[in-house]
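In what follows, a single structure is set out as structure tokens and then discussed.
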Amino acid sequence: MPKLMTITLERRGVSCVAELLEKDAPRTCEAVWNALPLGGEAYHAKYARNEVYTMVQRFSEEEVGLENPTVTPIPGDVVYFSFPGGMLDRKFKEEKNIHALPGVIDLAIFYGRNNLLLNGDVGWVPGNVYATIVDGLDRMAEACNDVWRSGGVGERLVYARAES
């Protein structure tokens, strides 16, 4: 039976359901599943295009490494990024109040087409596609677009195990 999780924009009251891709990204799925629930402030990407994400403290004893990586996520992709502290610039870390952490995990959803994970400072930024949204992508895409247009202040992006 597939493992499912809900992904919620709390303030907007919108959720979707994602199925973990355990055959394609087993280490990432296990690490995330064991750490759920996870969440934090929601941000809309500046460069990747149609992405909403949150950053959380590292939650796995060992880094999972790359598996099922992409630099061109498609709508419905749920992606895991691991950033060591030195990869993120000082101002970015201060703005997101993560400056004291040795590194962070970025949990992202992609809700539209034409995404490209290219950072002008460091180049390509591959992420692990570890789940796919199987229900509610349309509602979530509308809410994510509202984060882009109206702002994410006060919004939280939360990942939790779906009720069976």
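Please note that chains go A, B, ... in the order of the structure tokens, that every chain numbers its residues from 1, and that ligands are numbered from 1 in the order shown.
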Give me the residues near segment 150-161 of chain A as a PDB file with N, CA and C atoms, in the first residue's frame, where near means some atom within 9 Å (using only C-alpha atoms) and where sequence neighbours in that chain fewer than 6 positions away do not count.
ATOM      1  N   LYS A   3       2.427   4.939   0.606  1.00  0.00           N
ATOM      2  CA  LYS A   3       2.393   5.902   1.702  1.00  0.00           C
ATOM      3  C   LYS A   3       1.959   7.244   1.136  1.00  0.00           C
ATOM      4  N   LEU A   4       1.029   7.881   1.838  1.00  0.00           N
ATOM      5  CA  LEU A   4       0.501   9.164   1.411  1.00  0.00           C
ATOM      6  C   LEU A   4       0.759  10.210   2.487  1.00  0.00           C
ATOM      7  N   MET A   5       0.984  11.446   2.040  1.00  0.00           N
ATOM      8  CA  MET A   5       1.096  12.553   2.981  1.00  0.00           C
ATOM      9  C   MET A   5       0.261  13.714   2.483  1.00  0.00           C
ATOM     10  N   THR A   6      -0.175  14.517   3.445  1.00  0.00           N
ATOM     11  CA  THR A   6      -0.871  15.750   3.085  1.00  0.00           C
ATOM     12  C   THR A   6       0.139  16.884   3.118  1.00  0.00           C
ATOM     13  N   ILE A   7      -0.063  17.831   2.232  1.00  0.00           N
ATOM     14  CA  ILE A   7       0.753  19.043   2.194  1.00  0.00           C
ATOM     15  C   ILE A   7      -0.242  20.198   2.256  1.00  0.00           C
ATOM     16  N   THR A   8      -0.057  21.072   3.235  1.00  0.00           N
ATOM     17  CA  THR A   8      -1.063  22.085   3.530  1.00  0.00           C
ATOM     18  C   THR A   8      -0.455  23.484   3.597  1.00  0.00           C
ATOM     19  N   LEU A   9      -1.126  24.427   2.977  1.00  0.00           N
ATOM     20  CA  LEU A   9      -0.872  25.846   3.210  1.00  0.00           C
ATOM     21  C   LEU A   9      -1.898  26.232   4.273  1.00  0.00           C
ATOM     22  N   GLU A  10      -1.440  26.336   5.515  1.00  0.00           N
ATOM     23  CA  GLU A  10      -2.357  26.454   6.658  1.00  0.00           C
ATOM     24  C   GLU A  10      -3.246  27.691   6.605  1.00  0.00           C
ATOM     25  N   ARG A  11      -2.674  28.864   6.431  1.00  0.00           N
ATOM     26  CA  ARG A  11      -3.473  30.089   6.473  1.00  0.00           C
ATOM     27  C   ARG A  11      -4.517  30.113   5.362  1.00  0.00           C
ATOM     28  N   ARG A  12      -4.179  29.580   4.222  1.00  0.00           N
ATOM     29  CA  ARG A  12      -5.109  29.555   3.100  1.00  0.00           C
ATOM     30  C   ARG A  12      -6.084  28.387   3.196  1.00  0.00           C
ATOM     31  N   TRP A  33       9.476  10.428   5.791  1.00  0.00           N
ATOM     32  CA  TRP A  33       8.360   9.748   6.453  1.00  0.00           C
ATOM     33  C   TRP A  33       8.600   9.635   7.958  1.00  0.00           C
ATOM     34  N   LEU A  36       8.059  13.093   9.741  1.00  0.00           N
ATOM     35  CA  LEU A  36       6.762  13.778   9.695  1.00  0.00           C
ATOM     36  C   LEU A  36       6.103  13.818  11.059  1.00  0.00           C
ATOM     37  N   PRO A  37       5.386  14.899  11.390  1.00  0.00           N
ATOM     38  CA  PRO A  37       5.087  16.069  10.568  1.00  0.00           C
ATOM     39  C   PRO A  37       6.242  17.064  10.539  1.00  0.00           C
ATOM     40  N   LEU A  38       6.338  17.783   9.430  1.00  0.00           N
ATOM     41  CA  LEU A  38       7.358  18.817   9.225  1.00  0.00           C
ATOM     42  C   LEU A  38       6.682  20.054   8.661  1.00  0.00           C
ATOM     43  N   GLY A  39       7.210  21.202   8.990  1.00  0.00           N
ATOM     44  CA  GLY A  39       6.635  22.408   8.420  1.00  0.00           C
ATOM     45  C   GLY A  39       7.349  23.646   8.900  1.00  0.00           C
ATOM     46  N   GLY A  40       7.017  24.736   8.270  1.00  0.00           N
ATOM     47  CA  GLY A  40       7.591  26.019   8.624  1.00  0.00           C
ATOM     48  C   GLY A  40       7.030  27.103   7.730  1.00  0.00           C
ATOM     49  N   GLU A  41       7.632  28.264   7.822  1.00  0.00           N
ATOM     50  CA  GLU A  41       7.185  29.390   7.006  1.00  0.00           C
ATOM     51  C   GLU A  41       7.225  29.022   5.532  1.00  0.00           C
ATOM     52  N   ALA A  42       6.202  29.458   4.814  1.00  0.00           N
ATOM     53  CA  ALA A  42       6.126  29.190   3.372  1.00  0.00           C
ATOM     54  C   ALA A  42       6.764  30.341   2.603  1.00  0.00           C
ATOM     55  N   TYR A  43       7.505  29.971   1.566  1.00  0.00           N
ATOM     56  CA  TYR A  43       8.144  30.950   0.684  1.00  0.00           C
ATOM     57  C   TYR A  43       7.858  30.555  -0.757  1.00  0.00           C
ATOM     58  N   HIS A  44       7.751  31.560  -1.611  1.00  0.00           N
ATOM     59  CA  HIS A  44       7.651  31.303  -3.043  1.00  0.00           C
ATOM     60  C   HIS A  44       9.026  31.523  -3.644  1.00  0.00           C
ATOM     61  N   VAL A  52       6.758  26.483  -4.248  1.00  0.00           N
ATOM     62  CA  VAL A  52       6.552  26.956  -2.883  1.00  0.00           C
ATOM     63  C   VAL A  52       7.287  25.976  -1.989  1.00  0.00           C
ATOM     64  N   TYR A  53       7.985  26.525  -0.991  1.00  0.00           N
ATOM     65  CA  TYR A  53       8.829  25.665  -0.168  1.00  0.00           C
ATOM     66  C   TYR A  53       8.870  26.150   1.273  1.00  0.00           C
ATOM     67  N   THR A  54       9.393  25.284   2.127  1.00  0.00           N
ATOM     68  CA  THR A  54       9.729  25.645   3.493  1.00  0.00           C
ATOM     69  C   THR A  54      11.093  25.061   3.799  1.00  0.00           C
ATOM     70  N   LEU A 107      12.027  21.626   1.640  1.00  0.00           N
ATOM     71  CA  LEU A 107      10.959  20.755   1.156  1.00  0.00           C
ATOM     72  C   LEU A 107      10.062  21.590   0.259  1.00  0.00           C
TER      73      LEU A 107
END
List the spatial neighbours of Leu116 of chain A as a PyMOL selection string - criterion: any atom at most 8 Å away, only C-alpha atoms, same-chain residues fewer than 3 positions off excluded.
chain A and resi 47-49+71-73
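Looking only at segment 18-71 of chain A, the set that DSSP places in helix (DSSP H, G or I) from backbone geometry is A:Pro26, A:Arg27, A:Thr28, A:Cys29, A:Glu30, A:Ala31, A:Val32, A:Trp33, A:Asn34, A:Ala35.
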Tell me which protein, DNA and RNA residues are within 12 Å of Asn68 of chain A, counting only C-alpha atoms, leaving out same-chain ones fewer than 4 positions away, and put them as a list in words.
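Using only C-alpha atoms, the neighbours found are Leu21, Glu22, Lys23, Asp24, Ala25, Pro26, Arg27, Thr28, Cys29, Val64, Thr72, Pro73, Asp77, Val78, Val79, Tyr80, Phe81, Pro126, Gly127, Asn128, Val129, Tyr130 and Ala131 of chain A.
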Mind writing the picked residues with N, CA, C and O atoms as a CSV table (one decimal), in the first residue's frame?
chain,number,residue,atom,x,y,z
A,21,LEU,N,7.3,8.2,-3.5
A,21,LEU,CA,7.9,7.3,-4.6
A,21,LEU,C,9.0,6.5,-4.0
A,21,LEU,O,10.1,6.6,-4.3
A,22,GLU,N,8.5,5.5,-3.2
A,22,GLU,CA,9.5,4.7,-2.5
A,22,GLU,C,10.4,3.8,-3.4
A,22,GLU,O,11.5,3.5,-3.0
A,23,LYS,N,10.0,3.5,-4.5
A,23,LYS,CA,10.8,2.7,-5.4
A,23,LYS,C,11.9,3.6,-6.1
A,23,LYS,O,13.0,3.1,-6.4
A,24,ASP,N,11.6,4.8,-6.3
A,24,ASP,CA,12.5,5.8,-7.0
A,24,ASP,C,13.4,6.5,-6.1
A,24,ASP,O,14.5,6.8,-6.4
A,25,ALA,N,13.0,6.8,-4.8
A,25,ALA,CA,13.7,7.5,-3.9
A,25,ALA,C,13.6,7.0,-2.5
A,25,ALA,O,13.1,7.6,-1.6
A,26,PRO,N,14.0,5.7,-2.3
A,26,PRO,CA,13.7,5.0,-1.0
A,26,PRO,C,14.4,5.7,0.2
A,26,PRO,O,13.8,5.8,1.3
A,27,ARG,N,15.6,6.2,0.1
A,27,ARG,CA,16.3,6.8,1.3
A,27,ARG,C,15.6,8.1,1.6
A,27,ARG,O,15.4,8.4,2.8
A,28,THR,N,15.3,8.9,0.6
A,28,THR,CA,14.6,10.2,0.9
A,28,THR,C,13.2,10.0,1.5
A,28,THR,O,12.8,10.6,2.5
A,29,CYS,N,12.5,9.0,0.9
A,29,CYS,CA,11.1,8.7,1.4
A,29,CYS,C,11.2,8.3,2.9
A,29,CYS,O,10.4,8.7,3.7
A,64,VAL,N,21.0,11.8,2.9
A,64,VAL,CA,20.4,10.8,2.0
A,64,VAL,C,21.1,10.8,0.7
A,64,VAL,O,21.1,9.8,-0.1
A,72,THR,N,14.6,19.9,-13.6
A,72,THR,CA,13.5,20.4,-14.3
A,72,THR,C,12.2,19.8,-13.8
A,72,THR,O,11.5,19.0,-14.4
A,73,PRO,N,11.8,20.1,-12.5
A,73,PRO,CA,10.6,19.5,-11.9
A,73,PRO,C,9.4,19.9,-12.7
A,73,PRO,O,9.3,21.0,-13.3
A,77,ASP,N,5.4,17.6,-8.7
A,77,ASP,CA,6.6,17.0,-8.1
A,77,ASP,C,6.8,17.6,-6.6
A,77,ASP,O,6.6,18.8,-6.4
A,78,VAL,N,7.2,16.7,-5.7
A,78,VAL,CA,7.5,17.1,-4.3
A,78,VAL,C,9.0,16.8,-4.2
A,78,VAL,O,9.4,15.6,-4.4
A,79,VAL,N,9.8,17.8,-3.9
A,79,VAL,CA,11.2,17.7,-4.0
A,79,VAL,C,11.9,18.0,-2.7
A,79,VAL,O,11.5,18.9,-2.0
A,80,TYR,N,13.0,17.3,-2.4
A,80,TYR,CA,13.8,17.4,-1.2
A,80,TYR,C,15.2,18.0,-1.6
A,80,TYR,O,15.8,17.5,-2.6
A,81,PHE,N,15.6,19.0,-1.0
A,81,PHE,CA,16.9,19.6,-1.2
A,81,PHE,C,17.7,19.6,0.1
A,81,PHE,O,17.1,20.0,1.2
A,126,PRO,N,20.3,20.3,-8.2
A,126,PRO,CA,19.4,19.2,-8.3
A,126,PRO,C,18.7,18.9,-7.0
A,126,PRO,O,19.3,19.1,-5.9
A,127,GLY,N,17.5,18.4,-7.1
A,127,GLY,CA,16.8,18.0,-5.9
A,127,GLY,C,16.2,16.6,-6.1
A,127,GLY,O,16.0,16.1,-7.3
A,128,ASN,N,15.9,15.9,-5.0
A,128,ASN,CA,15.3,14.6,-5.1
A,128,ASN,C,13.8,14.6,-5.2
A,128,ASN,O,13.2,15.1,-4.3
A,129,VAL,N,13.3,14.1,-6.3
A,129,VAL,CA,11.8,14.0,-6.4
A,129,VAL,C,11.4,12.7,-5.6
A,129,VAL,O,11.8,11.6,-6.0
A,130,TYR,N,10.7,12.9,-4.5
A,130,TYR,CA,10.4,11.8,-3.6
A,130,TYR,C,8.9,11.5,-3.5
A,130,TYR,O,8.5,10.5,-2.9
A,131,ALA,N,8.1,12.4,-4.1
A,131,ALA,CA,6.7,12.2,-4.0
A,131,ALA,C,6.0,12.9,-5.2
A,131,ALA,O,6.7,13.8,-5.8
Would you kindly return, as a PDB file with all heavy atoms, in the first residue's frame, each protein, DNA or RNA residue with an atom no farther than 10 Å from any atom of Ser82 of chain A, considering only C-alpha atoms and excluding same-chain residues fewer than 2 positions away?
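Once everything was written out, this is out.pdb:
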ATOM      1  N   MET A  55      11.764  25.650   4.767  1.00  0.00           N
ATOM      2  CA  MET A  55      13.067  25.145   5.198  1.00  0.00           C
ATOM      3  C   MET A  55      12.957  24.674   6.638  1.00  0.00           C
ATOM      4  O   MET A  55      12.388  25.378   7.477  1.00  0.00           O
ATOM      5  CB  MET A  55      14.134  26.212   5.066  1.00  0.00           C
ATOM      6  CG  MET A  55      14.410  26.561   3.642  1.00  0.00           C
ATOM      7  SD  MET A  55      15.863  27.607   3.512  1.00  0.00           S
ATOM      8  CE  MET A  55      16.314  27.302   1.828  1.00  0.00           C
ATOM      9  N   VAL A  56      13.503  23.484   6.881  1.00  0.00           N
ATOM     10  CA  VAL A  56      13.457  22.894   8.217  1.00  0.00           C
ATOM     11  C   VAL A  56      14.855  22.440   8.611  1.00  0.00           C
ATOM     12  O   VAL A  56      15.739  22.275   7.763  1.00  0.00           O
ATOM     13  CB  VAL A  56      12.471  21.702   8.274  1.00  0.00           C
ATOM     14  CG1 VAL A  56      11.048  22.151   7.945  1.00  0.00           C
ATOM     15  CG2 VAL A  56      12.894  20.571   7.336  1.00  0.00           C
ATOM     16  N   GLN A  57      15.026  22.231   9.907  1.00  0.00           N
ATOM     17  CA  GLN A  57      16.307  21.711  10.377  1.00  0.00           C
ATOM     18  C   GLN A  57      16.528  20.311   9.819  1.00  0.00           C
ATOM     19  O   GLN A  57      15.581  19.577   9.535  1.00  0.00           O
ATOM     20  CB  GLN A  57      16.325  21.637  11.905  1.00  0.00           C
ATOM     21  CG  GLN A  57      16.354  22.982  12.560  1.00  0.00           C
ATOM     22  CD  GLN A  57      16.529  22.858  14.066  1.00  0.00           C
ATOM     23  OE1 GLN A  57      16.924  21.827  14.587  1.00  0.00           O
ATOM     24  NE2 GLN A  57      16.230  23.939  14.762  1.00  0.00           N
ATOM     25  N   ARG A  58      17.790  19.954   9.698  1.00  0.00           N
ATOM     26  CA  ARG A  58      18.110  18.589   9.259  1.00  0.00           C
ATOM     27  C   ARG A  58      17.485  17.599  10.227  1.00  0.00           C
ATOM     28  O   ARG A  58      17.525  17.802  11.431  1.00  0.00           O
ATOM     29  CB  ARG A  58      19.621  18.403   9.187  1.00  0.00           C
ATOM     30  CG  ARG A  58      20.232  19.227   8.069  1.00  0.00           C
ATOM     31  CD  ARG A  58      21.747  19.076   8.039  1.00  0.00           C
ATOM     32  NE  ARG A  58      22.250  19.951   7.008  1.00  0.00           N
ATOM     33  CZ  ARG A  58      22.848  19.513   5.897  1.00  0.00           C
ATOM     34  NH1 ARG A  58      23.039  18.241   5.711  1.00  0.00           N
ATOM     35  NH2 ARG A  58      23.271  20.373   4.995  1.00  0.00           N
ATOM     36  N   GLU A  63      23.085  12.029   5.707  1.00  0.00           N
ATOM     37  CA  GLU A  63      22.580  12.676   4.506  1.00  0.00           C
ATOM     38  C   GLU A  63      22.122  11.602   3.526  1.00  0.00           C
ATOM     39  O   GLU A  63      22.807  10.603   3.320  1.00  0.00           O
ATOM     40  CB  GLU A  63      23.683  13.537   3.882  1.00  0.00           C
ATOM     41  CG  GLU A  63      23.295  14.215   2.603  1.00  0.00           C
ATOM     42  CD  GLU A  63      22.023  15.033   2.715  1.00  0.00           C
ATOM     43  OE1 GLU A  63      21.920  15.859   3.646  1.00  0.00           O
ATOM     44  OE2 GLU A  63      21.129  14.832   1.873  1.00  0.00           O
ATOM     45  N   VAL A  64      20.956  11.813   2.912  1.00  0.00           N
ATOM     46  CA  VAL A  64      20.423  10.792   2.007  1.00  0.00           C
ATOM     47  C   VAL A  64      21.126  10.797   0.652  1.00  0.00           C
ATOM     48  O   VAL A  64      21.106   9.787  -0.053  1.00  0.00           O
ATOM     49  CB  VAL A  64      18.893  10.938   1.810  1.00  0.00           C
ATOM     50  CG1 VAL A  64      18.165  10.744   3.111  1.00  0.00           C
ATOM     51  CG2 VAL A  64      18.523  12.248   1.165  1.00  0.00           C
ATOM     52  N   GLY A  65      21.729  11.897   0.271  1.00  0.00           N
ATOM     53  CA  GLY A  65      22.401  11.963  -1.027  1.00  0.00           C
ATOM     54  C   GLY A  65      21.396  12.105  -2.159  1.00  0.00           C
ATOM     55  O   GLY A  65      20.182  12.144  -1.945  1.00  0.00           O
ATOM     56  N   LEU A  66      21.909  12.183  -3.369  1.00  0.00           N
ATOM     57  CA  LEU A  66      21.028  12.325  -4.526  1.00  0.00           C
ATOM     58  C   LEU A  66      20.407  10.992  -4.908  1.00  0.00           C
ATOM     59  O   LEU A  66      21.079   9.963  -4.935  1.00  0.00           O
ATOM     60  CB  LEU A  66      21.806  12.869  -5.728  1.00  0.00           C
ATOM     61  CG  LEU A  66      22.121  14.360  -5.725  1.00  0.00           C
ATOM     62  CD1 LEU A  66      22.925  14.719  -6.971  1.00  0.00           C
ATOM     63  CD2 LEU A  66      20.867  15.196  -5.632  1.00  0.00           C
ATOM     64  N   TYR A  80      12.995  17.296  -2.405  1.00  0.00           N
ATOM     65  CA  TYR A  80      13.836  17.438  -1.207  1.00  0.00           C
ATOM     66  C   TYR A  80      15.191  17.984  -1.642  1.00  0.00           C
ATOM     67  O   TYR A  80      15.805  17.465  -2.578  1.00  0.00           O
ATOM     68  CB  TYR A  80      13.993  16.049  -0.590  1.00  0.00           C
ATOM     69  CG  TYR A  80      15.054  15.858   0.456  1.00  0.00           C
ATOM     70  CD1 TYR A  80      14.704  15.743   1.797  1.00  0.00           C
ATOM     71  CD2 TYR A  80      16.398  15.722   0.118  1.00  0.00           C
ATOM     72  CE1 TYR A  80      15.674  15.505   2.775  1.00  0.00           C
ATOM     73  CE2 TYR A  80      17.371  15.495   1.083  1.00  0.00           C
ATOM     74  CZ  TYR A  80      16.993  15.396   2.402  1.00  0.00           C
ATOM     75  OH  TYR A  80      17.947  15.162   3.369  1.00  0.00           O
ATOM     76  N   PRO A  84      24.055  22.587   2.690  1.00  0.00           N
ATOM     77  CA  PRO A  84      24.982  22.859   3.794  1.00  0.00           C
ATOM     78  C   PRO A  84      24.979  24.358   4.085  1.00  0.00           C
ATOM     79  O   PRO A  84      24.658  25.174   3.213  1.00  0.00           O
ATOM     80  CB  PRO A  84      26.333  22.388   3.251  1.00  0.00           C
ATOM     81  CG  PRO A  84      26.184  22.370   1.769  1.00  0.00           C
ATOM     82  CD  PRO A  84      24.723  22.167   1.473  1.00  0.00           C
ATOM     83  N   GLY A  85      25.316  24.720   5.290  1.00  0.00           N
ATOM     84  CA  GLY A  85      25.283  26.123   5.702  1.00  0.00           C
ATOM     85  C   GLY A  85      26.053  27.051   4.795  1.00  0.00           C
ATOM     86  O   GLY A  85      25.625  28.174   4.535  1.00  0.00           O
ATOM     87  N   MET A  87      26.439  26.971   1.644  1.00  0.00           N
ATOM     88  CA  MET A  87      25.890  27.160   0.306  1.00  0.00           C
ATOM     89  C   MET A  87      24.932  28.347   0.244  1.00  0.00           C
ATOM     90  O   MET A  87      24.751  28.939  -0.810  1.00  0.00           O
ATOM     91  CB  MET A  87      25.169  25.906  -0.160  1.00  0.00           C
ATOM     92  CG  MET A  87      24.651  26.011  -1.565  1.00  0.00           C
ATOM     93  SD  MET A  87      24.113  24.420  -2.131  1.00  0.00           S
ATOM     94  CE  MET A  87      23.492  24.841  -3.727  1.00  0.00           C
ATOM     95  N   GLY A 103      23.129  23.699   8.375  1.00  0.00           N
ATOM     96  CA  GLY A 103      22.567  23.386   7.076  1.00  0.00           C
ATOM     97  C   GLY A 103      21.070  23.217   7.241  1.00  0.00           C
ATOM     98  O   GLY A 103      20.561  23.182   8.362  1.00  0.00           O
ATOM     99  N   VAL A 104      20.356  23.155   6.127  1.00  0.00           N
ATOM    100  CA  VAL A 104      18.907  23.014   6.193  1.00  0.00           C
ATOM    101  C   VAL A 104      18.408  22.057   5.123  1.00  0.00           C
ATOM    102  O   VAL A 104      19.104  21.781   4.140  1.00  0.00           O
ATOM    103  CB  VAL A 104      18.184  24.368   6.019  1.00  0.00           C
ATOM    104  CG1 VAL A 104      18.473  25.308   7.168  1.00  0.00           C
ATOM    105  CG2 VAL A 104      18.515  25.004   4.689  1.00  0.00           C
ATOM    106  N   ILE A 105      17.186  21.596   5.347  1.00  0.00           N
ATOM    107  CA  ILE A 105      16.466  20.810   4.356  1.00  0.00           C
ATOM    108  C   ILE A 105      15.373  21.703   3.796  1.00  0.00           C
ATOM    109  O   ILE A 105      14.628  22.347   4.533  1.00  0.00           O
ATOM    110  CB  ILE A 105      15.856  19.539   4.988  1.00  0.00           C
ATOM    111  CG1 ILE A 105      16.942  18.663   5.614  1.00  0.00           C
ATOM    112  CG2 ILE A 105      15.020  18.770   3.958  1.00  0.00           C
ATOM    113  CD1 ILE A 105      18.009  18.178   4.667  1.00  0.00           C
ATOM    114  N   ASP A 106      15.286  21.753   2.499  1.00  0.00           N
ATOM    115  CA  ASP A 106      14.279  22.523   1.775  1.00  0.00           C
ATOM    116  C   ASP A 106      13.288  21.502   1.225  1.00  0.00           C
ATOM    117  O   ASP A 106      13.656  20.605   0.478  1.00  0.00           O
ATOM    118  CB  ASP A 106      14.989  23.290   0.655  1.00  0.00           C
ATOM    119  CG  ASP A 106      14.077  24.040  -0.289  1.00  0.00           C
ATOM    120  OD1 ASP A 106      12.933  23.616  -0.523  1.00  0.00           O
ATOM    121  OD2 ASP A 106      14.543  25.053  -0.838  1.00  0.00           O
ATOM    122  N   LEU A 107      12.027  21.626   1.640  1.00  0.00           N
ATOM    123  CA  LEU A 107      10.959  20.755   1.156  1.00  0.00           C
ATOM    124  C   LEU A 107      10.062  21.590   0.259  1.00  0.00           C
ATOM    125  O   LEU A 107       9.475  22.583   0.706  1.00  0.00           O
ATOM    126  CB  LEU A 107      10.161  20.183   2.326  1.00  0.00           C
ATOM    127  CG  LEU A 107      10.956  19.330   3.314  1.00  0.00           C
ATOM    128  CD1 LEU A 107      10.097  18.963   4.512  1.00  0.00           C
ATOM    129  CD2 LEU A 107      11.511  18.086   2.638  1.00  0.00           C
ATOM    130  N   VAL A 125      21.101  23.141  -9.320  1.00  0.00           N
ATOM    131  CA  VAL A 125      20.745  22.734  -7.958  1.00  0.00           C
ATOM    132  C   VAL A 125      19.772  21.553  -8.058  1.00  0.00           C
ATOM    133  O   VAL A 125      18.552  21.728  -7.984  1.00  0.00           O
ATOM    134  CB  VAL A 125      20.109  23.899  -7.170  1.00  0.00           C
ATOM    135  CG1 VAL A 125      19.823  23.475  -5.739  1.00  0.00           C
ATOM    136  CG2 VAL A 125      21.003  25.129  -7.208  1.00  0.00           C
ATOM    137  N   PRO A 126      20.294  20.332  -8.236  1.00  0.00           N
ATOM    138  CA  PRO A 126      19.393  19.186  -8.339  1.00  0.00           C
ATOM    139  C   PRO A 126      18.734  18.865  -6.998  1.00  0.00           C
ATOM    140  O   PRO A 126      19.321  19.056  -5.937  1.00  0.00           O
ATOM    141  CB  PRO A 126      20.315  18.046  -8.780  1.00  0.00           C
ATOM    142  CG  PRO A 126      21.676  18.466  -8.343  1.00  0.00           C
ATOM    143  CD  PRO A 126      21.697  19.963  -8.373  1.00  0.00           C
ATOM    144  N   GLY A 127      17.498  18.418  -7.093  1.00  0.00           N
ATOM    145  CA  GLY A 127      16.763  17.986  -5.909  1.00  0.00           C
ATOM    146  C   GLY A 127      16.196  16.598  -6.124  1.00  0.00           C
ATOM    147  O   GLY A 127      16.047  16.149  -7.266  1.00  0.00           O
ATOM    148  N   ASN A 128      15.894  15.915  -5.033  1.00  0.00           N
ATOM    149  CA  ASN A 128      15.340  14.565  -5.087  1.00  0.00           C
ATOM    150  C   ASN A 128      13.819  14.627  -5.200  1.00  0.00           C
ATOM    151  O   ASN A 128      13.150  15.127  -4.299  1.00  0.00           O
ATOM    152  CB  ASN A 128      15.675  13.790  -3.807  1.00  0.00           C
ATOM    153  CG  ASN A 128      17.148  13.551  -3.621  1.00  0.00           C
ATOM    154  OD1 ASN A 128      17.959  13.826  -4.512  1.00  0.00           O
ATOM    155  ND2 ASN A 128      17.527  13.038  -2.468  1.00  0.00           N
TER     156      ASN A 128
END
